[in-house]
file protein-v1.cif (mmCIF, C-alpha atoms)
data_upload
loop_
_atom_site.label_atom_id
_atom_site.label_comp_id
_atom_site.auth_asym_id
_atom_site.auth_seq_id
_atom_site.Cartn_x
_atom_site.Cartn_y
_atom_site.Cartn_z
CA MET Q 991 2.60 -5.97 -35.20
CA ARG Q 992 -1.09 -5.12 -35.39
CA THR Q 993 -1.65 -6.48 -31.87
CA LEU Q 994 1.23 -4.43 -30.48
CA SER Q 995 -0.03 -1.33 -32.26
CA ASP Q 996 -3.58 -1.79 -30.94
CA ASN Q 997 -2.52 -2.54 -27.37
CA LEU Q 998 0.12 0.16 -27.07
CA LYS Q 999 -1.67 2.85 -29.11
CA ILE Q 1000 1.52 3.40 -31.12
CA SER Q 1001 1.83 3.45 -34.90
CA GLY Q 1002 3.00 0.33 -36.71
CA LYS Q 1003 5.98 2.24 -38.13
CA LYS Q 1004 7.13 3.31 -34.67
CA ILE Q 1005 6.78 -0.23 -33.35
CA SER Q 1006 8.74 -1.62 -36.31
CA ASN Q 1007 11.55 0.87 -35.63
CA CYS Q 1008 11.56 -0.02 -31.93
CA ILE Q 1009 11.75 -3.74 -32.65
CA GLU Q 1010 14.67 -3.21 -35.04
CA LYS Q 1011 16.47 -1.16 -32.38
CA MET Q 1012 15.82 -3.78 -29.68
CA ALA Q 1013 17.06 -6.52 -31.99
CA SER Q 1014 20.25 -4.60 -32.74
CA CYS Q 1015 20.83 -4.20 -28.97
CA GLY Q 1016 20.33 -7.92 -28.46
CA TRP Q 1017 17.22 -7.45 -26.30
CA VAL Q 1018 14.90 -9.40 -28.60
CA LYS Q 1019 15.50 -12.12 -31.17
CA LYS Q 1020 13.70 -12.31 -34.51
CA GLU Q 1021 13.28 -15.67 -36.18
CA LYS Q 1022 11.04 -15.63 -39.23
CA ASP Q 1023 7.60 -14.63 -37.91
CA PHE Q 1024 8.53 -15.15 -34.25
CA LEU Q 1025 9.77 -12.58 -31.78
CA SER Q 1026 11.21 -13.51 -28.38
CA ILE Q 1027 12.93 -11.71 -25.55
CA THR Q 1028 16.54 -12.56 -24.71
CA SER Q 1029 18.32 -12.82 -21.36
CA GLN Q 1030 19.82 -9.38 -22.09
CA GLY Q 1031 16.32 -8.04 -22.62
CA LEU Q 1032 15.19 -9.45 -19.25
CA GLU Q 1033 18.17 -7.74 -17.60
CA VAL Q 1034 17.11 -4.42 -19.11
CA LEU Q 1035 13.57 -4.95 -17.78
CA GLU Q 1036 14.64 -6.00 -14.28
CA PRO Q 1037 14.64 -2.48 -12.73
CA TYR Q 1038 10.98 -2.20 -13.72
CA ARG Q 1039 9.86 -5.56 -12.26
CA VAL Q 1040 7.37 -5.03 -9.45
CA LYS Q 1041 8.40 -7.00 -6.39
CA LYS Q 1042 6.02 -5.89 -3.66
CA ALA Q 1043 2.43 -4.89 -2.93
CA VAL Q 1044 0.57 -3.23 -0.07
CA ILE Q 1045 -3.11 -4.10 0.33
CA LEU Q 1046 -5.48 -1.90 2.35
CA ALA Q 1047 -7.99 -4.15 4.11
CA ALA Q 1048 -8.84 -2.46 7.41
CA GLY Q 1049 -12.42 -1.33 6.73
CA PHE Q 1050 -15.66 -2.69 8.16
CA GLY Q 1051 -17.75 -3.10 5.00
CA SER Q 1052 -21.01 -2.06 6.63
CA ARG Q 1053 -23.02 -2.19 3.39
CA MET Q 1054 -22.17 -5.89 3.10
CA MET Q 1055 -23.87 -6.81 6.37
CA PRO Q 1056 -24.77 -9.45 7.42
CA ALA Q 1057 -21.98 -11.13 5.40
CA THR Q 1058 -19.43 -9.02 7.31
CA SER Q 1059 -20.88 -9.66 10.78
CA ASP Q 1060 -18.17 -12.20 11.57
CA ARG Q 1061 -15.44 -11.36 9.05
CA PRO Q 1062 -13.94 -8.44 7.08
CA LYS Q 1063 -15.33 -7.82 3.60
CA PRO Q 1064 -12.16 -9.08 1.80
CA LEU Q 1065 -12.65 -12.47 3.45
CA VAL Q 1066 -16.26 -12.84 2.31
CA THR Q 1067 -16.54 -15.69 -0.18
CA VAL Q 1068 -18.19 -15.40 -3.59
CA ASN Q 1069 -19.08 -18.81 -4.98
CA GLY Q 1070 -16.54 -20.37 -2.64
CA ILE Q 1071 -13.67 -17.95 -3.35
CA ARG Q 1072 -12.59 -15.24 -0.90
CA ILE Q 1073 -12.64 -11.78 -2.46
CA ILE Q 1074 -9.05 -11.07 -1.43
CA ASP Q 1075 -7.83 -14.36 -2.94
CA THR Q 1076 -8.60 -13.08 -6.42
CA LEU Q 1077 -6.13 -10.22 -5.86
CA LEU Q 1078 -3.53 -12.32 -4.08
CA ASP Q 1079 -3.62 -14.96 -6.82
CA ALA Q 1080 -3.15 -12.25 -9.46
CA LEU Q 1081 -0.11 -10.85 -7.62
CA VAL Q 1082 1.46 -14.26 -6.99
CA SER Q 1083 0.98 -15.26 -10.64
CA LYS Q 1084 3.30 -12.37 -11.55
CA GLY Q 1085 5.94 -13.42 -9.03
CA ILE Q 1086 4.99 -10.85 -6.36
CA THR Q 1087 5.14 -12.45 -2.91
CA ASP Q 1088 6.39 -9.51 -0.81
CA ILE Q 1089 2.85 -8.62 0.22
CA THR Q 1090 1.76 -6.53 3.21
CA ILE Q 1091 -1.88 -6.39 4.27
CA VAL Q 1092 -3.11 -3.56 6.49
CA ARG Q 1093 -5.89 -5.01 8.60
CA GLY Q 1094 -8.30 -3.59 11.18
CA TYR Q 1095 -11.85 -4.87 11.61
CA LYS Q 1096 -11.79 -8.44 13.03
CA LYS Q 1097 -8.10 -8.49 12.18
CA GLU Q 1098 -7.48 -11.94 13.64
CA LYS Q 1099 -9.63 -13.44 10.87
CA PHE Q 1100 -6.93 -12.61 8.31
CA ASP Q 1101 -4.74 -15.32 9.83
CA GLU Q 1102 -6.90 -17.75 7.84
CA ILE Q 1103 -5.16 -16.78 4.61
CA LEU Q 1104 -1.71 -17.76 5.91
CA GLU Q 1105 -2.44 -21.39 5.15
CA LYS Q 1106 -2.55 -20.57 1.43
CA TYR Q 1107 -0.25 -17.52 1.46
CA PRO Q 1108 2.31 -18.09 4.29
CA TYR Q 1109 4.55 -15.24 3.09
CA VAL Q 1110 1.96 -12.48 3.64
CA LYS Q 1111 2.79 -9.92 6.34
CA PHE Q 1112 0.25 -7.96 8.42
CA ILE Q 1113 0.22 -4.44 9.81
CA ASP Q 1114 -2.60 -3.49 12.17
CA ASN Q 1115 -4.55 -0.25 11.89
CA ASP Q 1116 -6.41 0.09 15.17
CA LEU Q 1117 -7.85 3.47 14.14
CA PHE Q 1118 -9.78 2.06 11.17
CA ASP Q 1119 -13.15 2.90 12.78
CA LYS Q 1120 -12.15 6.41 13.86
CA GLU Q 1121 -10.29 7.77 10.82
CA ASN Q 1122 -10.50 7.44 7.05
CA ASN Q 1123 -8.25 5.13 5.06
CA ILE Q 1124 -5.37 7.63 5.10
CA SER Q 1125 -4.68 6.07 8.52
CA SER Q 1126 -4.00 2.75 6.78
CA VAL Q 1127 -1.27 4.15 4.55
CA MET Q 1128 0.20 5.98 7.54
CA VAL Q 1129 0.82 2.73 9.45
CA ALA Q 1130 2.37 1.21 6.30
CA LEU Q 1131 4.56 4.14 5.21
CA ASN Q 1132 7.79 2.16 5.37
CA GLU Q 1133 6.37 -0.51 3.06
CA ILE Q 1134 5.14 1.82 0.32
CA ASP Q 1135 8.01 2.11 -2.15
CA ASN Q 1136 8.06 1.07 -5.81
CA CYS Q 1137 5.00 -1.11 -5.31
CA TYR Q 1138 1.38 -1.83 -6.05
CA LEU Q 1139 -1.03 -0.16 -3.64
CA CYS Q 1140 -4.35 -1.98 -3.74
CA GLU Q 1141 -7.72 -1.95 -2.05
CA ALA Q 1142 -8.74 -5.39 -0.82
CA ASP Q 1143 -12.45 -5.47 -1.68
CA LEU Q 1144 -12.13 -5.85 -5.45
CA TYR Q 1145 -13.14 -9.16 -7.00
CA ILE Q 1146 -10.61 -9.64 -9.81
CA THR Q 1147 -11.99 -11.54 -12.79
CA ASN Q 1148 -9.00 -10.85 -15.05
CA PRO Q 1149 -5.71 -11.46 -13.19
CA ASN Q 1150 -3.82 -9.68 -15.98
CA VAL Q 1151 -4.82 -6.33 -14.50
CA ILE Q 1152 -1.71 -7.04 -12.41
CA THR Q 1153 1.36 -6.93 -14.63
CA LYS Q 1154 4.91 -8.04 -13.92
CA TYR Q 1155 6.51 -4.77 -15.02
CA GLN Q 1156 5.56 -1.15 -14.39
CA PHE Q 1157 7.29 1.96 -15.66
CA VAL Q 1158 5.33 4.99 -14.38
CA SER Q 1159 2.94 5.79 -11.54
CA ASN Q 1160 -0.59 4.91 -12.60
CA ILE Q 1161 -4.09 4.04 -11.45
CA LEU Q 1162 -6.44 1.52 -13.02
CA GLY Q 1163 -9.60 2.87 -14.67
CA SER Q 1164 -12.27 1.78 -17.13
CA TYR Q 1165 -13.85 4.21 -19.59
CA SER Q 1166 -17.41 5.26 -18.85
CA LEU Q 1167 -19.85 7.59 -20.58
CA GLU Q 1168 -21.39 8.44 -17.23
CA THR Q 1169 -21.01 7.33 -13.61
CA ASP Q 1170 -22.14 8.33 -10.13
CA ASP Q 1171 -19.10 6.66 -8.58
CA TRP Q 1172 -15.55 7.92 -8.03
CA SER Q 1173 -13.93 8.73 -11.35
CA PHE Q 1174 -11.35 10.86 -13.15
CA LYS Q 1175 -10.70 12.32 -16.57
CA SER Q 1176 -7.64 12.36 -18.80
CA ASN Q 1177 -5.48 15.35 -19.63
CA ASN Q 1178 -2.88 14.20 -22.17
CA GLY Q 1179 -2.91 10.77 -20.53
CA PHE Q 1180 -2.59 12.05 -16.98
CA ILE Q 1181 -5.33 11.90 -14.35
CA CYS Q 1182 -7.33 15.05 -13.63
CA ASP Q 1183 -10.77 15.97 -12.22
CA TYR Q 1184 -10.95 13.23 -9.62
CA GLN Q 1185 -14.45 13.40 -8.17
CA LYS Q 1186 -17.59 11.43 -7.41
CA GLY Q 1187 -19.85 11.43 -10.45
CA ASN Q 1188 -18.72 12.41 -13.93
CA THR Q 1189 -19.33 12.03 -17.67
CA TYR Q 1190 -16.95 10.88 -20.42
CA CYS Q 1191 -14.53 9.71 -17.78
CA TYR Q 1192 -12.82 6.70 -16.23
CA ASN Q 1193 -14.21 4.75 -13.30
CA TYR Q 1194 -11.65 4.67 -10.50
CA TYR Q 1195 -10.45 1.25 -9.37
CA GLY Q 1196 -8.34 0.88 -6.26
CA ILE Q 1197 -5.32 -0.70 -7.92
CA SER Q 1198 -2.38 1.63 -8.42
CA TYR Q 1199 1.37 1.52 -8.87
CA TRP Q 1200 3.84 4.11 -7.54
CA THR Q 1201 7.47 4.54 -8.57
CA SER Q 1202 10.16 5.00 -5.92
CA GLU Q 1203 10.30 8.74 -6.64
CA ASP Q 1204 6.56 9.19 -6.28
CA SER Q 1205 6.42 6.85 -3.27
CA LYS Q 1206 8.78 9.17 -1.40
CA LYS Q 1207 6.63 12.18 -2.27
CA LEU Q 1208 3.54 10.28 -1.16
CA ARG Q 1209 5.04 9.41 2.20
CA ASP Q 1210 5.90 13.06 2.82
CA ASP Q 1211 2.58 14.44 1.55
CA TRP Q 1212 0.47 11.90 3.44
CA ALA Q 1213 2.31 12.73 6.65
CA GLU Q 1214 1.78 16.46 6.12
CA VAL Q 1215 -1.93 16.15 5.37
CA TYR Q 1216 -2.50 13.63 8.16
CA LYS Q 1217 -1.33 16.13 10.79
CA THR Q 1218 -4.40 18.30 10.20
CA ASN Q 1219 -6.89 16.10 8.36
CA LYS Q 1220 -7.56 12.48 9.25
CA ASP Q 1221 -10.84 12.23 7.34
CA VAL Q 1222 -9.59 11.91 3.76
CA PHE Q 1223 -9.10 9.02 1.39
CA TRP Q 1224 -5.46 8.29 0.70
CA GLU Q 1225 -5.84 8.91 -3.04
CA GLU Q 1226 -7.19 12.43 -2.46
CA VAL Q 1227 -3.66 13.52 -1.56
CA PRO Q 1228 -1.98 12.81 -4.93
CA LEU Q 1229 -5.12 13.45 -7.01
CA ILE Q 1230 -6.59 16.54 -5.29
CA LEU Q 1231 -4.82 18.04 -2.28
CA LYS Q 1232 -1.26 17.76 -3.59
CA LYS Q 1233 -1.93 17.09 -7.26
CA GLU Q 1234 0.69 19.59 -8.41
CA ASN Q 1235 3.36 17.16 -7.16
CA TYR Q 1236 2.29 14.24 -9.37
CA ARG Q 1237 1.71 13.18 -12.96
CA VAL Q 1238 -0.27 9.97 -12.56
CA GLU Q 1239 -1.12 8.08 -15.72
CA ILE Q 1240 -4.32 6.16 -16.47
CA ARG Q 1241 -3.86 2.43 -16.94
CA GLN Q 1242 -6.96 1.38 -18.78
CA CYS Q 1243 -8.88 -1.83 -18.13
CA GLU Q 1244 -12.30 -3.19 -19.05
CA LYS Q 1245 -15.30 -3.10 -16.72
CA LYS Q 1246 -15.51 -6.89 -16.92
CA ASP Q 1247 -11.98 -7.22 -15.49
CA ILE Q 1248 -13.02 -6.22 -11.96
CA MET Q 1249 -16.25 -6.58 -10.04
CA GLU Q 1250 -16.95 -4.10 -7.27
CA ILE Q 1251 -19.39 -5.66 -4.81
CA ASP Q 1252 -20.71 -2.65 -2.95
CA ASN Q 1253 -23.56 -4.11 -0.92
CA TYR Q 1254 -25.32 -7.28 0.18
CA TYR Q 1255 -27.86 -7.10 -2.65
CA GLU Q 1256 -25.07 -7.15 -5.25
CA LEU Q 1257 -23.47 -10.06 -3.40
CA ILE Q 1258 -26.70 -12.06 -3.72
CA GLN Q 1259 -26.77 -11.40 -7.47
CA LEU Q 1260 -23.37 -13.08 -7.76
CA ASP Q 1261 -23.85 -15.84 -5.17
CA SER Q 1262 -27.38 -17.04 -4.59
CA SER Q 1263 -26.36 -18.95 -1.44
CA TYR Q 1264 -26.62 -15.65 0.45
CA GLU Q 1265 -30.36 -15.42 -0.19
#
call {"tool": "encode", "arguments": {"input": "protein-v1.cif", "output": "structure tokens"}}
result
Amino acid sequence: MRTLSDNLKISGKKISNCIEKMASCGWVKKEKDFLSITSQGLEVLEPYRVKKAVILAAGFGSRMMPATSDRPKPLVTVNGIRIIDTLLDALVSKGITDITIVRGYKKEKFDEILEKYPYVKFIDNDLFDKENNISSVMVALNEIDNCYLCEADLYITNPNVITKYQFVSNILGSYSLETDDWSFKSNNGFICDYQKGNTYCYNYYGISYWTSEDSKKLRDDWAEVYKTNKDVFWEEVPLILKKENYRVEIRQCEKKDIMEIDNYYELIQLDSSYE
């Protein structure tokens, strides 16, 4: 009970009432000090099970040169593990195998991952070096629906940042007293003030989930913005340019859960073989 209360930020009394209600509906079973979910409970959860993911991996990764001279940044290895494998393994561990990767720079190199992940699909973004990453979501519009939308250059150290079930549109963030990176603040649990540099805020991580309803709005809003502005990040549309159309929640994680490797110097700190 205490663990549930701490993790969900809900009072113990409310959790107790919810458990009693779920038990009366046959969704969970209580046996002495043990609580387990029933087959009926899994059926109730099924509409919220995430079944697909779209990964944006078209960029060059210029700050990672020379590691990216012959391969895209997501395929750079850190202590023998490809960066993108940490994300793919996290998705697969939660039963998500409908995975689409948008590739661009040295796109043929991504074929290497098919040996380990034969079910992955590719979409090519041949404008990756001429337009911002909104061009990557534009080529994958038909795939973005009730799914995770992830950036491929995050080294995942805690695979549980990917969860099996999602209920609302959200973006991953870790609390920070001050940052000079992309960040947002919270307004009653919803994202606001998305900008570069902030105080008493959340660091933005490129792992998000979008419901079917919000995915449809995103497809329409991206298409509208893209007609006149091809130099924006995809997330600027729901968080800045068309923010009145969305109520995106913050899904909090810890800084230690994800490592952002922004440049070659940081890569050396993690893997001395690059010295």
call {"tool": "atom_distance", "arguments": {"input": "protein-v1.cif", "atom1": "CA of Tyr1138 (chain Q)", "atom2": "CA of Asp1088 (chain Q)"}}
result
10.6 Å
call {"tool": "residues_around", "arguments": {"input": "protein-v1.cif", "residues": "region 1151-1168 of chain Q", "least_positions_apart": "5", "cutoff": "7 Å", "atoms": "all atoms listed in the file", "output": "VMD selection string"}}
result
chain Q and resid 1038 to 1040 1080 to 1081 1084 1188 to 1195 1197 to 1201 1238 to 1245
call {"tool": "resolve_selection", "arguments": {"input": "protein-v1.cif", "expression": "the PyMOL selection byres ((chain Q and resi 1119-1123) around 9)", "output": "JSON, numbers by chain"}}
result
{"Q": [1046, 1048, 1049, 1050, 1094, 1095, 1116, 1117, 1118, 1124, 1125, 1126, 1127, 1128, 1220, 1221, 1222, 1223, 1224]}
call {"tool": "resolve_selection", "arguments": {"input": "protein-v1.cif", "expression": "the PyMOL selection byres ((chain Q and resi 1247-1254) around 9)", "output": "short mmCIF file (atom, residue, chain, number, x, y, z; two decimals) with C-alpha atoms, in the coordinates of the input"}}
result
data_model
loop_
_atom_site.label_atom_id
_atom_site.label_comp_id
_atom_site.auth_asym_id
_atom_site.auth_seq_id
_atom_site.Cartn_x
_atom_site.Cartn_y
_atom_site.Cartn_z
CA GLY Q 1051 -17.75 -3.10 5.00
CA SER Q 1052 -21.01 -2.06 6.63
CA ARG Q 1053 -23.02 -2.19 3.39
CA MET Q 1054 -22.17 -5.89 3.10
CA MET Q 1055 -23.87 -6.81 6.37
CA PRO Q 1056 -24.77 -9.45 7.42
CA ALA Q 1057 -21.98 -11.13 5.40
CA ASP Q 1143 -12.45 -5.47 -1.68
CA LEU Q 1144 -12.13 -5.85 -5.45
CA TYR Q 1145 -13.14 -9.16 -7.00
CA ILE Q 1146 -10.61 -9.64 -9.81
CA THR Q 1147 -11.99 -11.54 -12.79
CA ASN Q 1148 -9.00 -10.85 -15.05
CA PRO Q 1149 -5.71 -11.46 -13.19
CA ASN Q 1150 -3.82 -9.68 -15.98
CA VAL Q 1151 -4.82 -6.33 -14.50
CA TYR Q 1195 -10.45 1.25 -9.37
CA CYS Q 1243 -8.88 -1.83 -18.13
CA GLU Q 1244 -12.30 -3.19 -19.05
CA LYS Q 1245 -15.30 -3.10 -16.72
CA LYS Q 1246 -15.51 -6.89 -16.92
CA TYR Q 1255 -27.86 -7.10 -2.65
CA GLU Q 1256 -25.07 -7.15 -5.25
CA LEU Q 1257 -23.47 -10.06 -3.40
CA ILE Q 1258 -26.70 -12.06 -3.72
CA GLN Q 1259 -26.77 -11.40 -7.47
CA LEU Q 1260 -23.37 -13.08 -7.76
CA TYR Q 1264 -26.62 -15.65 0.45
#
call {"tool": "residues_around", "arguments": {"input": "protein-v1.cif", "residues": "Arg992 (chain Q)", "least_positions_apart": "4", "cutoff": "9 Å", "atoms": "all atoms listed in the file", "output": "PDB file with C-alpha atoms, keeping the file's coordinate frame"}}
result
ATOM      1  CA  ASP Q 996      -3.580  -1.790 -30.940  1.00  0.00           C
ATOM      2  CA  ASN Q 997      -2.520  -2.540 -27.370  1.00  0.00           C
ATOM      3  CA  GLY Q1002       3.000   0.330 -36.710  1.00  0.00           C
TER       4      GLY Q1002
END
call {"tool": "residues_around", "arguments": {"input": "protein-v1.cif", "residues": "Asp1183 (chain Q)", "least_positions_apart": "5", "cutoff": "8 Å", "atoms": "all atoms listed in the file", "output": "JSON, numbers by chain"}}
result
{"Q": [1173, 1174, 1175]}
call {"tool": "resolve_selection", "arguments": {"input": "protein-v1.cif", "expression": "the PyMOL selection byres ((chain Q and resi 1205) around 10)", "output": "PyMOL selection string"}}
result
chain Q and resi 1131-1137+1159+1199-1204+1206-1211
call {"tool": "atom_distance", "arguments": {"input": "protein-v1.cif", "atom1": "CA of Met991 (chain Q)", "atom2": "CA of Gly1016 (chain Q)"}}
result
19.1 Å
